[in-house]
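Presented below is the structure to which this report refers.
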Amino acid sequence: MDKIGFIKKDIYNLECSVNGKLRNHDVELVTEYFMAEQKKNEAFYFKIEGDGHDRFSRCFWADATSRRAYGFYGDVVVFDTTFNTNQYDLTFAPMLGVNNHGQTIVLACAFLSKETTKSFVWMFEEFKKAMPGGEPKTIITDQDAAMAIAISIAFPTTFHRLCIWHITSKFSVKLPRDAYNEYWREFQKAIWDTDNKDEFDAKWNIVVTKAGLTDHPWLSSMFDLRESWVPAYARQFFAAGMSSSQRAEGSHGFFKQYISRRNSLMDFIIRFERALSHQREKELVADHVDAFEVAQCLLPMPMNKQMATLYTRTMFQKFEQELIQSTACFIELKTEDACKVGFNVSERKNWETRVAEVVYVKDSDHASCSCKRFEFVGIICKHILALFRRDQIEYMPEKYILKRWKKTAKCGLVSDANGKEIKDCADPGLLIKRSTMSRLASDVVEDALMSEEGCEVLSETLKSLQVKLKLLKDGPSNNEVGGSSSQTQYMKDPKRVRCKGRSKGVTRAKEKAMKRGIRHCRECGHIDHDRRQCPALNTP
């Protein structure tokens, strides 16, 4: 350690010095970085806008890898904003998806100075311009009014699903304490254990009436929004098995290992790209495993072996679990005794309906099941698999195998709105050229080192070559658009803003109580007094 020559304080001082020199040039650096990325690969998309006073207001970007990924996995998008990622308090807004391994992927990113409907509409419109294939089928967000209006404007044909976790977590705050403690489990059963819309409506109304909350404004509003978050209503829309935006929350946690609120925009971009490369490396590892290994089958059935060769390992494991559970359903079909195999009440009640609805015969185009697993997850359910076994269908029909879950999901061309192919690398032979020239340069250096005269000749030649290459790179004229930074007009750095998500006004009552240590009255449950002043005990 004594031979290093500097201490931790020296690194901190150097960082402060560099940040001081770069102050007021942050947006300039980010713009030049985006332009350089676009020069490497024209499929890199970005847009930067000001606030009308020549000051940075918002930006959007998506690289070629993300744009290609949307072409394969753009059916479901998870959107959630996060804070404390930069020194300007700009809101970081990534749009996320799910790949064929069930991993979270980044589809696009944006910085927003305001979380208004106008800002979200701008971002979604840029997203549509950048992405091939049109609007997503489903978008999952938390309950934000500005976001909901923007989605209805920008994505009119997209199903907007609200995060069920955010809604159910509010029951403990919105309901009276006694009602929550007594009826929460019944609310849970109504939400999660119902098979159809009518059944949910009936159970919900029964619980609300029993709890004496028929006029509760928040419960009434949630019931009005039930088509956006209740599984019985929403699972008919494909969502890759997701019912919440927890995937986005986990992604924020992952990226915040690399970034902090002290970062400038350029610092953030560099650190974010590093984190993104680590995330994509995991996808490449999963691709490698699937390319050279076949998952072991627990059941020696032709259909199981077929799907082991087609699905990625993660998706095959989910399918195999359904196939294993279909054994009980198969017994059910043969014995026609629902109670014997231990189905829950709703399954027993709806089994005959399911058998009537699950009609896979050689003449039908599509099998339907009331559990809606295939529509929601994209993997066939145990009920349909049981009918396949009964009808001795040994191999999965092609129409029930979604390409997005296959090992070959990323095979094929992806084109933008102009019909131009989006490639991960602008020149596929770039690495080969680099390798060839590196070997040639190494041989030349070895020959030059044999004599002093050779070293001088090579040195002079390289200097001359460097000048020529610089001229070739910059172009013949310095007056061209997109030239050096001195020839380009850049926006000013953004002002510090306060994010809506960090406002004191949106702190929940439960969080306030935990922070301040407020205790409830042990007699009646209210928080405006304790047991000694409780009106229930002091009433004569």
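Within each chain, counting starts at residue 1; across the structure tokens, chains are named A, B, ... in the order shown, with ligands numbered 1 upward in that order.
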Which residues are near segment 406-411 of chain A? Cut-off 10 Å, only C-alpha atoms, ignore same chain within fewer than 3 positions. Put them as a list in words. Arg68, Ala69, Gly71, Phe72, Tyr73, Asn99, Asn100, His101, Ala286, Asp287, Asp290, Ala291, Met307, Ala308, Thr309, Leu310, Tyr311, Thr312, Arg313, Met315, Phe316, Ile401, Leu402, Lys403 and Val414 of chain A
Hey, what does DSSP flag as helix (DSSP H, G or I) within segment 110-227 of chain A? Can you give it to me as a VMD selection string? chain A and resid 117 to 130 145 to 154 164 to 168 171 to 174 177 to 192 197 to 211 217 to 224 226 to 227
Smallest atom-to-atom distance to Lys372 of chain A: which of A:Leu472, A:Ala248, A:Ala328, A:Ala239, using only C-alpha atoms?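 Of the candidates, the smallest distance to Lys372 of chain A is held by A:Ala239.
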A:Thr314, A:Gln188, A:Thr91, A:Ser66 ranked by distance to Leu276 of chain A, top pick (using only C-alpha atoms): A:Ser66
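For the pair atom CA of Met222 of chain A and atom CA of Gln246 of chain A, the separation is 19.7 Å.
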For Ser277 of chain A, list every protein, DNA or RNA residue within 12 Å, evaluated using only C-alpha atoms, and leave out those in the same chain fewer than 2 positions away; present the list as a count of residues only. 18
Shell around Glu182 of chain A at 12 Å using only C-alpha atoms, local window under 6 positions removed, as a CSV table (one decimal) with N, CA, C and O atoms, in the first residue's frame:
```csv
chain,number,residue,atom,x,y,z
A,172,SER,N,-54.3,-1.9,3.6
A,172,SER,CA,-54.0,-1.7,5.0
A,172,SER,C,-54.0,-0.2,5.4
A,172,SER,O,-54.2,0.1,6.6
A,175,LEU,N,-58.3,1.2,4.4
A,175,LEU,CA,-59.4,0.7,5.2
A,175,LEU,C,-59.3,0.9,6.7
A,175,LEU,O,-58.2,1.1,7.2
A,176,PRO,N,-60.4,1.1,7.4
A,176,PRO,CA,-60.3,1.1,8.9
A,176,PRO,C,-59.6,-0.1,9.4
A,176,PRO,O,-59.7,-1.2,8.9
A,188,GLN,N,-58.7,-11.0,-0.2
A,188,GLN,CA,-57.7,-11.8,-0.9
A,188,GLN,C,-58.3,-12.9,-1.7
A,188,GLN,O,-58.0,-13.2,-2.9
A,207,VAL,N,-68.3,-9.3,0.6
A,207,VAL,CA,-67.3,-8.9,1.6
A,207,VAL,C,-67.5,-7.4,1.9
A,207,VAL,O,-67.5,-7.0,3.1
A,208,VAL,N,-67.7,-6.6,0.9
A,208,VAL,CA,-67.9,-5.1,1.2
A,208,VAL,C,-69.1,-4.9,2.0
A,208,VAL,O,-69.1,-4.1,2.9
A,210,LYS,N,-70.6,-7.1,4.1
A,210,LYS,CA,-70.3,-7.6,5.5
A,210,LYS,C,-69.5,-6.7,6.3
A,210,LYS,O,-69.7,-6.5,7.5
A,211,ALA,N,-68.5,-6.0,5.6
A,211,ALA,CA,-67.6,-5.1,6.3
A,211,ALA,C,-68.3,-3.7,6.6
A,211,ALA,O,-67.7,-2.9,7.3
A,212,GLY,N,-69.4,-3.5,6.0
A,212,GLY,CA,-70.1,-2.2,6.1
A,212,GLY,C,-69.4,-1.1,5.4
A,212,GLY,O,-69.4,0.1,5.9
```
Counting only C-alpha atoms, the option among A:Phe159, A:Trp184, A:Trp61, A:Arg23 closest to Ala130 of chain A: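 Among the listed residues, the smallest separation from Ala130 of chain A belongs to A:Trp61.
Taking only C-alpha atoms into account, Pro217 of chain A lies nearest to A:Lys174 out of the set A:Gly378, A:Arg390, A:Cys455, A:Lys174.
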Applying 7 Å and only C-alpha atoms, which residues near Ala150 of chain A remain after dropping the ones on its own chain fewer than 6 positions away? List them as a JSON list (two decimals) with N, CA, C and O atoms, in the first residue's frame.
```json
[["chain", "number", "residue", "atom", "x", "y", "z"],
["A", 117, "THR", "N", -48.65, 14.57, -17.99],
["A", 117, "THR", "CA", -49.21, 13.84, -19.13],
["A", 117, "THR", "C", -48.49, 14.20, -20.42],
["A", 117, "THR", "O", -48.19, 13.33, -21.25],
["A", 120, "PHE", "N", -45.12, 12.37, -20.60],
["A", 120, "PHE", "CA", -45.28, 10.94, -20.87],
["A", 120, "PHE", "C", -45.74, 10.69, -22.31],
["A", 120, "PHE", "O", -45.28, 9.74, -22.95],
["A", 121, "VAL", "N", -46.61, 11.55, -22.82],
["A", 121, "VAL", "CA", -47.05, 11.39, -24.21],
["A", 121, "VAL", "C", -45.87, 11.56, -25.15],
["A", 121, "VAL", "O", -45.70, 10.79, -26.11]]
```
Which residues, written as a list in words, have at least one atom at most 12 Å from Leu462 of chain A, with only C-alpha atoms counted and residues fewer than 4 positions away on the same chain left out?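 Neighbouring residues, sequence-local ones excluded: Ala441, Val444, Val445, Ala448, Cys455, Glu456, Val457, Leu458, Gln466, Val467, Lys468 and Leu469 of chain A.
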Residues of the last selection are to be written out with N, CA and C atoms, as a PDB file, in the first residue's frame.
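Dumped to out.pdb:
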```pdb
ATOM      1  N   ALA A 441      -0.266  -5.223 -38.266  1.00  0.00           N
ATOM      2  CA  ALA A 441       0.456  -4.205 -37.509  1.00  0.00           C
ATOM      3  C   ALA A 441       1.502  -4.835 -36.595  1.00  0.00           C
ATOM      4  N   VAL A 444       4.525  -5.774 -38.649  1.00  0.00           N
ATOM      5  CA  VAL A 444       5.301  -4.591 -39.052  1.00  0.00           C
ATOM      6  C   VAL A 444       6.134  -4.073 -37.886  1.00  0.00           C
ATOM      7  N   VAL A 445       5.549  -4.027 -36.689  1.00  0.00           N
ATOM      8  CA  VAL A 445       6.285  -3.557 -35.514  1.00  0.00           C
ATOM      9  C   VAL A 445       7.463  -4.470 -35.216  1.00  0.00           C
ATOM     10  N   ALA A 448      10.207  -3.674 -37.630  1.00  0.00           N
ATOM     11  CA  ALA A 448      10.822  -2.370 -37.382  1.00  0.00           C
ATOM     12  C   ALA A 448      11.773  -2.392 -36.196  1.00  0.00           C
ATOM     13  N   CYS A 455      12.766   1.648 -36.820  1.00  0.00           N
ATOM     14  CA  CYS A 455      11.888   2.269 -35.827  1.00  0.00           C
ATOM     15  C   CYS A 455      11.538   3.699 -36.231  1.00  0.00           C
ATOM     16  N   GLU A 456      12.550   4.449 -36.728  1.00  0.00           N
ATOM     17  CA  GLU A 456      12.306   5.826 -37.132  1.00  0.00           C
ATOM     18  C   GLU A 456      11.361   5.895 -38.326  1.00  0.00           C
ATOM     19  N   VAL A 457      11.589   5.010 -39.313  1.00  0.00           N
ATOM     20  CA  VAL A 457      10.718   4.988 -40.498  1.00  0.00           C
ATOM     21  C   VAL A 457       9.278   4.683 -40.105  1.00  0.00           C
ATOM     22  N   LEU A 458       9.099   3.675 -39.255  1.00  0.00           N
ATOM     23  CA  LEU A 458       7.751   3.290 -38.847  1.00  0.00           C
ATOM     24  C   LEU A 458       7.084   4.406 -38.053  1.00  0.00           C
ATOM     25  N   GLN A 466      -1.658   8.791 -39.176  1.00  0.00           N
ATOM     26  CA  GLN A 466      -2.608   9.252 -38.169  1.00  0.00           C
ATOM     27  C   GLN A 466      -3.284  10.548 -38.609  1.00  0.00           C
ATOM     28  N   VAL A 467      -2.485  11.455 -39.197  1.00  0.00           N
ATOM     29  CA  VAL A 467      -3.043  12.720 -39.694  1.00  0.00           C
ATOM     30  C   VAL A 467      -4.044  12.455 -40.816  1.00  0.00           C
ATOM     31  N   LYS A 468      -3.689  11.573 -41.745  1.00  0.00           N
ATOM     32  CA  LYS A 468      -4.567  11.263 -42.873  1.00  0.00           C
ATOM     33  C   LYS A 468      -5.882  10.629 -42.404  1.00  0.00           C
ATOM     34  N   LEU A 469      -5.789   9.721 -41.419  1.00  0.00           N
ATOM     35  CA  LEU A 469      -6.991   9.062 -40.905  1.00  0.00           C
ATOM     36  C   LEU A 469      -7.893  10.050 -40.175  1.00  0.00           C
TER      37      LEU A 469
END
```
Nearest residue to Val77 of chain A from the set A:Phe46, A:Phe171, A:Phe155, A:Phe330 (distances using only C-alpha atoms):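 Between A:Phe46, A:Phe171, A:Phe155, A:Phe330, the residue approaching Val77 of chain A most closely is A:Phe155.
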